[in-house]
$ cat start30.cif   # mmCIF, C-alpha atoms and all ligand atoms
data_upload
loop_
_atom_site.label_atom_id
_atom_site.label_comp_id
_atom_site.auth_asym_id
_atom_site.auth_seq_id
_atom_site.Cartn_x
_atom_site.Cartn_y
_atom_site.Cartn_z
CA MET A 238 0.00 0.00 0.00
CA ASN A 239 1.33 3.43 -0.96
CA ALA A 240 2.13 5.29 2.27
CA ALA A 241 1.49 8.64 0.60
CA VAL A 242 -2.16 7.82 -0.13
CA PRO A 243 -4.16 8.87 2.94
CA LEU A 244 -6.40 6.28 4.53
CA LEU A 245 -9.25 8.78 4.24
CA ALA A 246 -9.29 11.87 2.09
CA VAL A 247 -12.38 14.06 2.00
CA GLU A 248 -12.24 16.48 -0.90
CA HIS A 249 -14.51 19.47 -1.49
CA LEU A 250 -17.50 17.80 0.11
CA SER A 251 -20.58 20.01 0.27
CA LEU A 252 -24.18 19.19 0.99
CA ALA A 253 -27.38 20.93 2.00
CA PHE A 254 -30.68 20.03 3.66
CA PRO A 255 -33.94 21.61 2.60
CA THR A 256 -35.82 23.36 5.41
CA PRO A 257 -39.00 25.47 5.38
CA THR A 258 -36.85 28.62 5.38
CA GLY A 259 -34.42 27.54 2.66
CA ARG A 260 -31.51 25.19 2.13
CA VAL A 261 -29.16 24.83 5.10
CA GLN A 262 -25.54 24.36 4.05
CA ALA A 263 -24.72 21.50 6.45
CA LEU A 264 -21.30 20.80 4.88
CA ASP A 265 -19.43 23.48 2.98
CA ASP A 266 -16.36 22.51 0.95
CA ILE A 267 -14.93 20.08 3.50
CA CYS A 268 -11.37 18.90 2.81
CA LEU A 269 -9.38 16.70 5.19
CA ASP A 270 -6.84 13.87 5.22
CA LEU A 271 -6.47 11.12 7.78
CA HIS A 272 -3.53 8.74 7.73
CA ARG A 273 -3.19 5.24 9.09
CA GLY A 274 -2.21 5.14 12.75
CA ARG A 275 -3.33 8.73 13.37
CA THR A 276 -6.21 10.18 15.34
CA LEU A 277 -7.98 13.23 14.02
CA GLY A 278 -10.27 15.13 16.37
CA LEU A 279 -13.32 16.83 14.91
CA VAL A 280 -14.53 19.52 17.30
CA GLY A 281 -17.20 22.20 17.24
CA GLU A 282 -20.35 23.35 18.97
CA SER A 283 -23.67 21.59 18.65
CA GLY A 284 -25.11 21.87 15.15
CA SER A 285 -21.78 22.61 13.44
CA GLY A 286 -22.07 19.52 11.23
CA LYS A 287 -19.80 16.96 12.92
CA SER A 288 -22.31 14.11 12.79
CA VAL A 289 -23.43 15.01 9.28
CA LEU A 290 -19.81 14.77 8.13
CA SER A 291 -19.26 11.38 9.78
CA ARG A 292 -22.49 10.04 8.34
CA ALA A 293 -21.66 11.48 4.93
CA ILE A 294 -18.38 9.52 4.94
CA LEU A 295 -20.34 6.29 5.47
CA ARG A 296 -23.24 7.44 3.29
CA LEU A 297 -25.67 7.08 6.15
CA LEU A 298 -27.58 10.31 5.49
CA PRO A 299 -31.31 10.46 4.71
CA PRO A 300 -32.28 10.81 1.04
CA SER A 301 -33.28 14.43 1.67
CA ALA A 302 -29.56 15.36 1.77
CA GLN A 303 -28.66 17.29 -1.38
CA TRP A 304 -25.08 16.51 -2.34
CA SER A 305 -23.17 19.03 -4.41
CA PRO A 306 -21.42 17.52 -7.42
CA GLY A 307 -17.64 17.18 -7.35
CA GLY A 308 -17.17 16.21 -3.70
CA GLN A 309 -15.23 13.05 -2.90
CA VAL A 310 -14.71 10.72 0.03
CA ARG A 311 -11.65 8.66 -0.83
CA PHE A 312 -10.84 5.60 1.25
CA HIS A 313 -7.48 4.03 0.34
CA GLY A 314 -7.73 6.23 -2.75
CA GLU A 315 -11.13 4.92 -3.87
CA ASN A 316 -14.05 7.35 -4.02
CA LEU A 317 -16.79 5.90 -1.80
CA LEU A 318 -19.38 8.25 -3.28
CA ALA A 319 -19.02 6.43 -6.60
CA LEU A 320 -19.58 2.97 -5.09
CA GLY A 321 -22.83 1.08 -5.48
CA GLY A 322 -24.88 0.07 -2.45
CA LYS A 323 -23.31 -3.37 -2.36
CA GLY A 324 -19.75 -2.04 -2.49
CA MET A 325 -20.59 0.34 0.31
CA GLN A 326 -21.99 -2.49 2.44
CA GLN A 327 -18.68 -4.29 2.19
CA ILE A 328 -16.88 -1.24 3.53
CA ARG A 329 -19.33 -0.19 6.23
CA GLY A 330 -18.91 -2.06 9.49
CA ARG A 331 -16.03 -4.05 8.11
CA ARG A 332 -13.31 -1.71 6.85
CA ILE A 333 -14.77 1.44 8.39
CA ALA A 334 -16.49 1.00 11.73
CA MET A 335 -18.53 3.57 13.57
CA ILE A 336 -19.31 4.05 17.25
CA PHE A 337 -22.18 6.30 18.25
CA GLN A 338 -22.96 8.19 21.41
CA ASP A 339 -25.63 5.89 22.74
CA PRO A 340 -24.46 2.26 23.00
CA MET A 341 -28.04 0.97 23.00
CA THR A 342 -28.60 2.12 19.42
CA ALA A 343 -25.83 -0.24 18.30
CA LEU A 344 -26.99 -3.24 20.33
CA ASN A 345 -29.96 -5.48 19.86
CA PRO A 346 -31.74 -5.65 23.24
CA VAL A 347 -33.11 -9.17 22.73
CA ARG A 348 -29.91 -10.98 21.78
CA THR A 349 -26.92 -11.82 23.94
CA ILE A 350 -23.76 -9.88 23.40
CA GLY A 351 -21.96 -13.05 22.32
CA THR A 352 -24.53 -13.80 19.62
CA GLN A 353 -24.28 -10.26 18.29
CA LEU A 354 -20.50 -10.32 18.17
CA MET A 355 -20.39 -13.73 16.53
CA GLU A 356 -23.03 -12.93 13.92
CA ARG A 357 -21.08 -9.92 12.87
CA MET A 358 -17.88 -11.88 12.43
CA CYS A 359 -19.52 -14.80 10.63
CA LEU A 360 -21.21 -12.37 8.25
CA HIS A 361 -18.24 -10.17 7.44
CA LEU A 362 -15.29 -12.51 7.88
CA GLY A 363 -16.88 -15.77 6.76
CA ILE A 364 -15.42 -17.71 9.70
CA SER A 365 -17.04 -20.67 11.49
CA ARG A 366 -19.23 -20.23 14.57
CA ARG A 367 -16.66 -22.03 16.65
CA GLU A 368 -13.90 -19.69 15.58
CA ALA A 369 -16.17 -16.68 15.99
CA GLY A 370 -16.98 -17.81 19.53
CA GLN A 371 -13.31 -17.94 20.45
CA ARG A 372 -12.66 -14.56 18.87
CA ALA A 373 -15.65 -13.06 20.68
CA LEU A 374 -14.13 -14.10 24.01
CA ASP A 375 -10.75 -12.63 23.04
CA LEU A 376 -12.38 -9.38 21.98
CA LEU A 377 -14.32 -9.01 25.22
CA LYS A 378 -11.07 -9.53 27.09
CA GLN A 379 -9.29 -6.95 24.93
CA VAL A 380 -11.90 -4.30 25.66
CA GLY A 381 -11.56 -4.93 29.38
CA ILE A 382 -14.75 -6.85 30.18
CA PRO A 383 -14.16 -8.90 33.35
CA SER A 384 -15.06 -12.62 33.26
CA PRO A 385 -15.87 -12.63 29.54
CA ALA A 386 -16.89 -16.30 29.61
CA SER A 387 -19.97 -15.52 31.68
CA ARG A 388 -20.59 -12.01 30.27
CA ILE A 389 -20.78 -13.37 26.74
CA ASN A 390 -24.18 -14.94 27.49
CA GLN A 391 -25.67 -11.78 28.95
CA PHE A 392 -28.09 -9.36 27.35
CA PRO A 393 -27.21 -5.68 26.90
CA HIS A 394 -29.53 -4.55 29.71
CA GLU A 395 -27.59 -6.67 32.19
CA LEU A 396 -24.51 -4.50 31.67
CA SER A 397 -23.68 -1.01 32.94
CA GLY A 398 -23.46 1.86 30.44
CA GLY A 399 -19.67 1.73 30.42
CA MET A 400 -19.61 -2.05 29.88
CA ARG A 401 -22.14 -1.70 27.07
CA GLN A 402 -19.96 0.86 25.34
CA ARG A 403 -17.04 -1.58 25.70
CA VAL A 404 -19.14 -4.23 23.95
CA VAL A 405 -19.94 -1.74 21.18
CA ILE A 406 -16.22 -1.08 20.80
CA ALA A 407 -15.60 -4.85 20.62
CA MET A 408 -18.21 -5.05 17.84
CA ALA A 409 -16.59 -2.14 16.04
CA ILE A 410 -13.11 -3.68 16.03
CA ALA A 411 -14.30 -7.28 15.50
CA CYS A 412 -13.68 -7.15 11.75
CA GLU A 413 -10.37 -5.33 12.09
CA PRO A 414 -11.38 -2.08 10.41
CA ASP A 415 -8.73 0.32 9.10
CA LEU A 416 -10.78 3.33 10.11
CA LEU A 417 -12.80 3.91 13.25
CA ILE A 418 -15.23 6.80 13.46
CA ALA A 419 -16.33 7.57 17.02
CA ASP A 420 -19.09 10.19 17.28
CA GLU A 421 -19.20 11.51 20.87
CA PRO A 422 -18.55 7.98 22.16
CA THR A 423 -18.66 8.93 25.84
CA THR A 424 -21.28 11.66 26.26
CA ALA A 425 -23.92 9.20 27.48
CA LEU A 426 -21.58 7.90 30.20
CA ASP A 427 -20.59 8.93 33.73
CA VAL A 428 -17.64 11.27 33.91
CA THR A 429 -15.47 8.65 35.60
CA VAL A 430 -16.19 6.09 32.89
CA GLN A 431 -15.63 8.58 30.04
CA ALA A 432 -11.86 8.72 30.51
CA GLU A 433 -11.62 4.91 30.71
CA ILE A 434 -13.45 4.50 27.41
CA LEU A 435 -11.35 7.16 25.69
CA GLU A 436 -8.17 5.50 26.99
CA LEU A 437 -9.38 2.17 25.65
CA LEU A 438 -10.15 3.63 22.22
CA LYS A 439 -6.77 5.30 22.07
CA GLU A 440 -4.97 2.09 23.07
CA LEU A 441 -6.81 0.01 20.47
CA GLN A 442 -6.24 2.64 17.80
CA ALA A 443 -2.50 2.69 18.49
CA SER A 444 -1.99 -1.07 18.83
CA ARG A 445 -3.94 -1.82 15.67
CA GLN A 446 -2.63 1.19 13.77
CA MET A 447 -6.13 2.21 12.79
CA GLY A 448 -7.00 5.70 11.67
CA MET A 449 -9.48 7.23 14.08
CA LEU A 450 -11.84 10.14 13.61
CA LEU A 451 -12.87 11.20 17.10
CA ILE A 452 -15.82 13.55 17.19
CA THR A 453 -16.31 15.63 20.31
CA HIS A 454 -17.64 19.02 21.30
CA ASP A 455 -14.91 19.10 23.94
CA LEU A 456 -11.62 20.56 22.76
CA GLY A 457 -10.02 19.34 25.99
CA VAL A 458 -10.85 15.73 25.07
CA ALA A 459 -9.50 16.25 21.55
CA ALA A 460 -6.29 17.72 23.00
CA GLY A 461 -5.78 14.62 25.16
CA TYR A 462 -6.34 11.96 22.53
CA CYS A 463 -5.76 13.38 19.03
CA ASP A 464 -2.69 13.96 16.87
CA ASP A 465 -4.47 16.54 14.75
CA ILE A 466 -7.57 18.64 15.29
CA ALA A 467 -10.10 19.95 12.80
CA VAL A 468 -12.39 22.71 14.07
CA MET A 469 -15.83 22.89 12.56
CA TYR A 470 -18.18 25.85 12.51
CA ALA A 471 -21.51 26.15 10.70
CA GLY A 472 -20.66 23.42 8.21
CA GLN A 473 -17.14 24.61 7.45
CA LEU A 474 -13.76 23.42 8.67
CA VAL A 475 -12.43 26.74 9.92
CA GLU A 476 -9.05 25.55 11.19
CA MET A 477 -6.99 22.37 11.09
CA ALA A 478 -3.55 21.75 12.59
CA ALA A 479 -1.45 19.33 14.60
CA THR A 480 -2.80 19.38 18.16
CA GLU A 481 0.32 20.90 19.64
CA SER A 482 0.56 23.71 17.11
CA LEU A 483 -3.16 24.42 17.34
CA PHE A 484 -2.84 25.00 21.07
CA ARG A 485 0.42 26.89 20.80
CA ARG A 486 -0.77 29.13 18.03
CA PRO A 487 -4.45 29.16 17.11
CA ARG A 488 -5.09 31.47 14.16
CA MET A 489 -8.85 31.48 13.87
CA PRO A 490 -10.58 33.51 16.63
CA TYR A 491 -13.25 30.80 16.96
CA THR A 492 -10.58 28.22 17.87
CA ARG A 493 -9.26 30.62 20.49
CA ALA A 494 -12.77 31.11 21.88
CA LEU A 495 -13.23 27.33 22.10
CA MET A 496 -9.94 27.06 24.00
CA ASP A 497 -11.01 29.72 26.44
CA SER A 498 -14.20 27.78 27.09
CA ILE A 499 -12.36 24.64 28.29
CA PRO A 500 -13.00 24.40 32.05
CA ARG A 501 -9.82 24.84 34.07
CA MET A 502 -8.64 23.09 37.22
CA GLU A 503 -8.60 26.35 39.15
CA ASP A 504 -12.24 27.12 38.32
CA GLU A 505 -14.69 27.09 41.22
CA PRO A 506 -16.71 23.90 41.17
CA HIS A 507 -20.09 24.51 39.52
CA SER A 508 -18.97 27.90 38.21
CA THR A 509 -20.69 28.80 34.97
CA LEU A 510 -18.86 27.47 31.95
CA HIS A 511 -16.97 30.02 29.93
CA SER A 512 -19.27 29.73 26.98
CA ILE A 513 -18.82 31.69 23.79
CA PRO A 514 -21.28 34.60 23.70
CA GLY A 515 -23.89 34.52 20.95
CA ARG A 516 -25.53 31.60 19.25
CA PRO A 517 -23.82 29.21 16.85
CA ALA A 518 -24.64 30.15 13.28
CA VAL A 519 -26.58 28.12 10.78
CA ARG A 520 -25.57 28.94 7.23
CA MET A 521 -27.94 29.02 4.35
CA GLU A 522 -26.83 27.91 0.91
CA GLY A 523 -24.97 30.63 -0.99
CA GLN A 524 -24.60 32.85 2.08
CA ALA A 525 -21.38 34.90 1.90
CA GLY A 526 -19.10 36.07 4.69
CA CYS A 527 -17.34 34.32 7.53
CA PRO A 528 -19.84 32.18 9.45
CA PHE A 529 -18.32 33.30 12.77
CA ALA A 530 -18.40 37.03 11.94
CA GLY A 531 -21.51 37.74 14.00
CA ARG A 532 -19.80 36.59 17.23
CA CYS A 533 -16.24 37.61 16.48
CA SER A 534 -14.49 40.46 18.30
CA ARG A 535 -11.93 40.79 15.47
CA ARG A 536 -14.59 41.26 12.80
CA ARG A 537 -13.87 43.64 9.92
CA SER A 538 -16.24 44.74 7.21
CA GLU A 539 -14.91 42.18 4.70
CA CYS A 540 -15.76 39.38 7.17
CA LEU A 541 -19.43 40.13 6.63
CA ASP A 542 -19.43 39.88 2.86
CA THR A 543 -16.51 37.68 1.74
CA THR A 544 -16.13 34.05 2.77
CA PRO A 545 -12.50 33.50 3.83
CA GLU A 546 -10.62 30.98 1.70
CA PRO A 547 -8.46 28.38 3.48
CA MET A 548 -4.95 29.74 4.14
CA GLN A 549 -2.13 27.18 4.45
CA ALA A 550 -0.31 27.31 7.78
CA SER A 551 2.21 24.95 9.41
CA GLY A 552 0.87 21.65 8.09
CA GLY A 553 -2.76 22.72 8.23
CA PHE A 554 -4.97 25.66 7.32
CA TYR A 555 -7.29 28.29 8.74
CA ARG A 556 -10.05 30.41 7.30
CA CYS A 557 -9.95 33.97 8.60
CA HIS A 558 -9.53 37.52 7.23
CA ASN A 559 -8.03 38.82 10.46
CA PRO A 560 -6.17 35.89 12.04
CA LEU A 561 -4.53 35.93 15.45
CA GLU A 562 -0.80 36.43 15.37
CA ALA A 563 1.78 34.37 17.22
CA PRO A 564 1.80 35.15 20.97
N1 LIG B 1 -31.69 14.92 8.38
C1 LIG B 1 -31.54 16.25 8.49
N2 LIG B 1 -32.41 17.11 7.92
C2 LIG B 1 -32.28 18.45 8.02
N3 LIG B 1 -31.27 19.03 8.66
C3 LIG B 1 -30.35 18.26 9.25
C4 LIG B 1 -30.43 16.81 9.20
N4 LIG B 1 -29.39 16.30 9.88
C5 LIG B 1 -28.68 17.36 10.33
N5 LIG B 1 -29.26 18.53 9.96
C6 LIG B 1 -28.75 19.89 10.25
O1 LIG B 1 -27.37 19.93 9.96
C7 LIG B 1 -26.69 20.72 10.92
C8 LIG B 1 -25.55 19.94 11.54
O2 LIG B 1 -26.05 18.91 12.39
P1 LIG B 1 -25.11 17.84 13.11
O3 LIG B 1 -25.99 16.84 13.75
O4 LIG B 1 -24.09 17.33 12.17
O5 LIG B 1 -24.39 18.72 14.24
P2 LIG B 1 -23.29 18.24 15.29
O6 LIG B 1 -22.11 19.10 15.10
O7 LIG B 1 -23.12 16.77 15.21
O8 LIG B 1 -23.99 18.65 16.66
P3 LIG B 1 -24.05 17.88 18.10
O9 LIG B 1 -22.77 18.28 18.80
O10 LIG B 1 -25.24 18.45 18.74
O11 LIG B 1 -24.14 16.42 17.83
C9 LIG B 1 -27.73 21.19 11.92
O12 LIG B 1 -28.13 22.49 11.56
C10 LIG B 1 -28.85 20.20 11.74
O13 LIG B 1 -30.08 20.79 12.06
NI NI B 2 -23.45 15.22 16.49
#

$ encode --input "start30.cif" --output "structure tokens" --more "lines below"
Ligand SMILES: Nc1ncnc2c1ncn2[C@@H]1O[C@H](COP(=O)(O)OP(=O)(O)OP(=O)(O)O)[C@@H](O)[C@H]1O
Ligand code: NI
Amino acid sequence: MNAAVPLLAVEHLSLAFPTPTGRVQALDDICLDLHRGRTLGLVGESGSGKSVLSRAILRLLPPSAQWSPGGQVRFHGENLLALGGKGMQQIRGRRIAMIFQDPMTALNPVRTIGTQLMERMCLHLGISRREAGQRALDLLKQVGIPSPASRINQFPHELSGGMRQRVVIAMAIACEPDLLIADEPTTALDVTVQAEILELLKELQASRQMGMLLITHDLGVAAGYCDDIAVMYAGQLVEMAATESLFRRPRMPYTRALMDSIPRMEDEPHSTLHSIPGRPAVRMEGQAGCPFAGRCSRRRSECLDTTPEPMQASGGFYRCHNPLEAP
């Protein structure tokens, strides 16, 4: 496999949803690369388009989505948007796996976790039930489920939320995918369990050299677990950089605002979060200007009428007419 070809390359992906007040530009010219063995964090406030992007990659959007021509989602160099339904089925769940926020949506409540794991492996890998049974036990052990031999016969409701999410992770890695997409994998869990699950994902990603797209609204989480971070706002990627350089030198004022909203250790318990003033924007199709302009303290007149083009910067890019300078 050519090392220069990214595992995942999204190129100029745009799509809109019709609404009673016009077409909402849910994704606007999205471009990103993800390489094998790397974790890319996708961060942004609620409604910025993170889930739409992850579902677009797997073509799991409703038929109402209006795709703009010319966009590509290349996986190992092959454009997934050009694949037929059957080709896509062979990729989904097998070569690209996805983990959602709520573990119950991924589990069948009336079947044991062992049956679900084994079915998946028999279907995708064509192995015998006996072999699948052995692998199911190994997987449960790998994701840190204690006494897997007895847990394997339990139903999802017999497990705690954290254990259920571990089972979902076992299902996701069962077919040895190259790419794992995790959309807010811990938001439904207790705070103490969240870190354990993120650690587990990170460990599995590193040991199996998978690419991981980790979606979170929490820049602090992205900082802890991702090599690179892409910041999303109103359907656009507004900044992308290696984690360390993003934190050392954010260029887009929105990224800076997100950083300032990360709770700090020295904050009073229960103090109000430093949230960004104003409401996140929704962009309509064809709307010009920087989507963040309405909330930005560095706004200039051009920000209101010209959409900033991506500017290359230290291995990534930002979109801003009046970027922050180095500290
Ligand atoms: N099926 C749909 N039909 C119409 N609009 C949609 C649809 N799915 C998403 N949208 C719109 O697309 C935008 C992006 O939504 P998305 O769910 O991707 O946000 P998000 O960044 O994942 O937010 P959250 O952090 O709350 O999960 C929103 O304005 C949403 O209303
Ligand atoms: Ni979402």

$ closest_residue --input "start30.cif" --among "A:Asp455, A:Glu356, A:Glu440, A:Asp266" --to "ligand NI 2 (chain B)" --atoms "all atoms listed in the file"
A:Asp455

$ closest_atom_pairs --input "start30.cif" --of "chain A" --to "ligand NI 2 (chain B)" --cutoff "10 Å" --atoms "all atoms listed in the file" --output "Markdown table"
| residue | atom | partner | partner_atom | distance |
| --- | --- | --- | --- | --- |
| A:Val280 | CA | B:NI2 | NI | 9.9 |
| A:Gly281 | CA | B:NI2 | NI | 9.4 |
| A:Glu282 | CA | B:NI2 | NI | 9.0 |
| A:Ser283 | CA | B:NI2 | NI | 6.7 |
| A:Gly284 | CA | B:NI2 | NI | 7.0 |
| A:Ser285 | CA | B:NI2 | NI | 8.2 |
| A:Gly286 | CA | B:NI2 | NI | 6.9 |
| A:Lys287 | CA | B:NI2 | NI | 5.4 |
| A:Ser288 | CA | B:NI2 | NI | 4.0 |
| A:Val289 | CA | B:NI2 | NI | 7.2 |
| A:Leu290 | CA | B:NI2 | NI | 9.1 |
| A:Ser291 | CA | B:NI2 | NI | 8.8 |
| A:Arg292 | CA | B:NI2 | NI | 9.7 |
| A:Phe337 | CA | B:NI2 | NI | 9.2 |
| A:Gln338 | CA | B:NI2 | NI | 8.6 |
| A:Asp420 | CA | B:NI2 | NI | 6.7 |
| A:Glu421 | CA | B:NI2 | NI | 7.1 |
| A:Ile452 | CA | B:NI2 | NI | 7.8 |
| A:Thr453 | CA | B:NI2 | NI | 8.1 |
| A:His454 | CA | B:NI2 | NI | 8.4 |

$ residues_around --input "start30.cif" --residues "Leu495 (chain A)" --least-positions-apart "3" --cutoff "8 Å" --atoms "all atoms listed in the file" --output "short mmCIF file (atom, residue, chain, number, x, y, z; two decimals) with C-alpha atoms, in the coordinates of the input"
data_model
loop_
_atom_site.label_atom_id
_atom_site.label_comp_id
_atom_site.auth_asym_id
_atom_site.auth_seq_id
_atom_site.Cartn_x
_atom_site.Cartn_y
_atom_site.Cartn_z
CA LEU A 456 -11.62 20.56 22.76
CA TYR A 491 -13.25 30.80 16.96
CA THR A 492 -10.58 28.22 17.87
CA SER A 498 -14.20 27.78 27.09
CA ILE A 499 -12.36 24.64 28.29
CA ILE A 513 -18.82 31.69 23.79
#

$ closest_residue --input "start30.cif" --among "A:Glu248, A:Cys412, A:Leu396, A:Gln524" --to "Leu317 (chain A)" --atoms "all atoms listed in the file"
A:Glu248

$ closest_residue --input "start30.cif" --among "A:Ala369, A:Ile410, A:Ile389, A:Ala550" --to "Arg486 (chain A)" --atoms "all atoms listed in the file"
A:Ala550

$ closest_residue --input "start30.cif" --among "A:Ala411, A:Met469, A:Ala432, A:Leu250" --to "ligand LIG 1 (chain B)" --atoms "only C-alpha atoms and all ligand atoms"
A:Met469

$ axis_aligned_box --input "start30.cif" --around "ligand LIG 1 (chain B)" --padding-each-side "8 Å" --output "JSON"
{"center_x": -27.3, "center_y": 18.7, "center_z": 13.4, "size_x": 26.3, "size_y": 23.6, "size_z": 26.9}

$ atom_distance --input "start30.cif" --atom1 "CA of Glu481 (chain A)" --atom2 "CA of Lys439 (chain A)"
17.3 Å

$ residues_near_point --input "start30.cif" --point "(-4.9, -2.6, 15.5)" --cutoff "9 Å" --atoms "all atoms listed in the file" --output "list in words"
Gly274, Ile410, Glu413, Pro414, Asp415, Glu440, Leu441, Gln442, Ala443, Ser444, Arg445, Gln446 and Met447 of chain A

$ residues_around --input "start30.cif" --residues "Glu368 (chain A)" --least-positions-apart "6" --cutoff "12 Å" --atoms "only C-alpha atoms" --output "list of chain:residue names"
A:Leu354, A:Met355, A:Glu356, A:Met358, A:Cys359, A:Leu362, A:Leu374, A:Asp375

$ closest_residue --input "start30.cif" --among "A:Ala494, A:Leu360, A:Ala263, A:Ala386" --to "ligand LIG 1 (chain B)" --atoms "all atoms listed in the file"
A:Ala263

$ closest_residue --input "start30.cif" --among "A:Cys527, A:Val405, A:Leu417, A:Met521" --to "ligand LIG 1 (chain B)" --atoms "all atoms listed in the file"
A:Met521

$ residues_around --input "start30.cif" --residues "Glu476 (chain A)" --least-positions-apart "4" --cutoff "10 Å" --atoms "only C-alpha atoms" --output "ChimeraX atom specification"
/A:466-470,483,487-492,547-550,553-557

$ write_last_selection --input "start30.cif" --atoms "C-alpha atoms" --output "tab-separated table (two decimals), keeping the file's coordinate frame"
chain	number	residue	atom	x	y	z
A	466	ILE	CA	-7.57	18.64	15.29
A	467	ALA	CA	-10.10	19.95	12.80
A	468	VAL	CA	-12.39	22.71	14.07
A	469	MET	CA	-15.83	22.89	12.56
A	470	TYR	CA	-18.18	25.85	12.51
A	483	LEU	CA	-3.16	24.42	17.34
A	487	PRO	CA	-4.45	29.16	17.11
A	488	ARG	CA	-5.09	31.47	14.16
A	489	MET	CA	-8.85	31.48	13.87
A	490	PRO	CA	-10.58	33.51	16.63
A	491	TYR	CA	-13.25	30.80	16.96
A	492	THR	CA	-10.58	28.22	17.87
A	547	PRO	CA	-8.46	28.38	3.48
A	548	MET	CA	-4.95	29.74	4.14
A	549	GLN	CA	-2.13	27.18	4.45
A	550	ALA	CA	-0.31	27.31	7.78
A	553	GLY	CA	-2.76	22.72	8.23
A	554	PHE	CA	-4.97	25.66	7.32
A	555	TYR	CA	-7.29	28.29	8.74
A	556	ARG	CA	-10.05	30.41	7.30
A	557	CYS	CA	-9.95	33.97	8.60

$ build_atoms --input "start30.cif" --residues "region 351-364 of chain A" --atoms "N, CA and C atoms" --output "PDB file, in the coordinates of the input"
ATOM      1  N   GLY A 351     -22.756 -12.061  23.062  1.00  0.00           N
ATOM      2  CA  GLY A 351     -21.960 -13.050  22.320  1.00  0.00           C
ATOM      3  C   GLY A 351     -22.553 -13.323  20.948  1.00  0.00           C
ATOM      4  N   THR A 352     -23.873 -13.529  20.902  1.00  0.00           N
ATOM      5  CA  THR A 352     -24.530 -13.800  19.620  1.00  0.00           C
ATOM      6  C   THR A 352     -24.298 -12.648  18.650  1.00  0.00           C
ATOM      7  N   GLN A 353     -24.428 -11.430  19.169  1.00  0.00           N
ATOM      8  CA  GLN A 353     -24.280 -10.260  18.290  1.00  0.00           C
ATOM      9  C   GLN A 353     -22.856 -10.144  17.742  1.00  0.00           C
ATOM     10  N   LEU A 354     -21.892 -10.388  18.616  1.00  0.00           N
ATOM     11  CA  LEU A 354     -20.500 -10.320  18.170  1.00  0.00           C
ATOM     12  C   LEU A 354     -20.205 -11.401  17.131  1.00  0.00           C
ATOM     13  N   MET A 355     -20.679 -12.608  17.416  1.00  0.00           N
ATOM     14  CA  MET A 355     -20.390 -13.730  16.530  1.00  0.00           C
ATOM     15  C   MET A 355     -21.062 -13.579  15.176  1.00  0.00           C
ATOM     16  N   GLU A 356     -22.315 -13.112  15.193  1.00  0.00           N
ATOM     17  CA  GLU A 356     -23.030 -12.930  13.920  1.00  0.00           C
ATOM     18  C   GLU A 356     -22.282 -11.990  13.005  1.00  0.00           C
ATOM     19  N   ARG A 357     -21.780 -10.919  13.630  1.00  0.00           N
ATOM     20  CA  ARG A 357     -21.080  -9.920  12.870  1.00  0.00           C
ATOM     21  C   ARG A 357     -19.835 -10.505  12.202  1.00  0.00           C
ATOM     22  N   MET A 358     -19.116 -11.314  12.977  1.00  0.00           N
ATOM     23  CA  MET A 358     -17.880 -11.880  12.430  1.00  0.00           C
ATOM     24  C   MET A 358     -18.167 -12.955  11.385  1.00  0.00           C
ATOM     25  N   CYS A 359     -19.188 -13.773  11.622  1.00  0.00           N
ATOM     26  CA  CYS A 359     -19.520 -14.800  10.630  1.00  0.00           C
ATOM     27  C   CYS A 359     -19.932 -14.143   9.316  1.00  0.00           C
ATOM     28  N   LEU A 360     -20.709 -13.060   9.441  1.00  0.00           N
ATOM     29  CA  LEU A 360     -21.210 -12.370   8.250  1.00  0.00           C
ATOM     30  C   LEU A 360     -20.073 -11.730   7.453  1.00  0.00           C
ATOM     31  N   HIS A 361     -19.251 -10.947   8.151  1.00  0.00           N
ATOM     32  CA  HIS A 361     -18.240 -10.170   7.440  1.00  0.00           C
ATOM     33  C   HIS A 361     -16.963 -10.944   7.147  1.00  0.00           C
ATOM     34  N   LEU A 362     -16.596 -11.855   8.042  1.00  0.00           N
ATOM     35  CA  LEU A 362     -15.290 -12.510   7.880  1.00  0.00           C
ATOM     36  C   LEU A 362     -15.427 -13.926   7.330  1.00  0.00           C
ATOM     37  N   GLY A 363     -16.661 -14.433   7.285  1.00  0.00           N
ATOM     38  CA  GLY A 363     -16.880 -15.770   6.760  1.00  0.00           C
ATOM     39  C   GLY A 363     -16.173 -16.862   7.560  1.00  0.00           C
ATOM     40  N   ILE A 364     -16.059 -16.686   8.876  1.00  0.00           N
ATOM     41  CA  ILE A 364     -15.420 -17.710   9.700  1.00  0.00           C
ATOM     42  C   ILE A 364     -16.492 -18.588  10.350  1.00  0.00           C
TER      43      ILE A 364
END
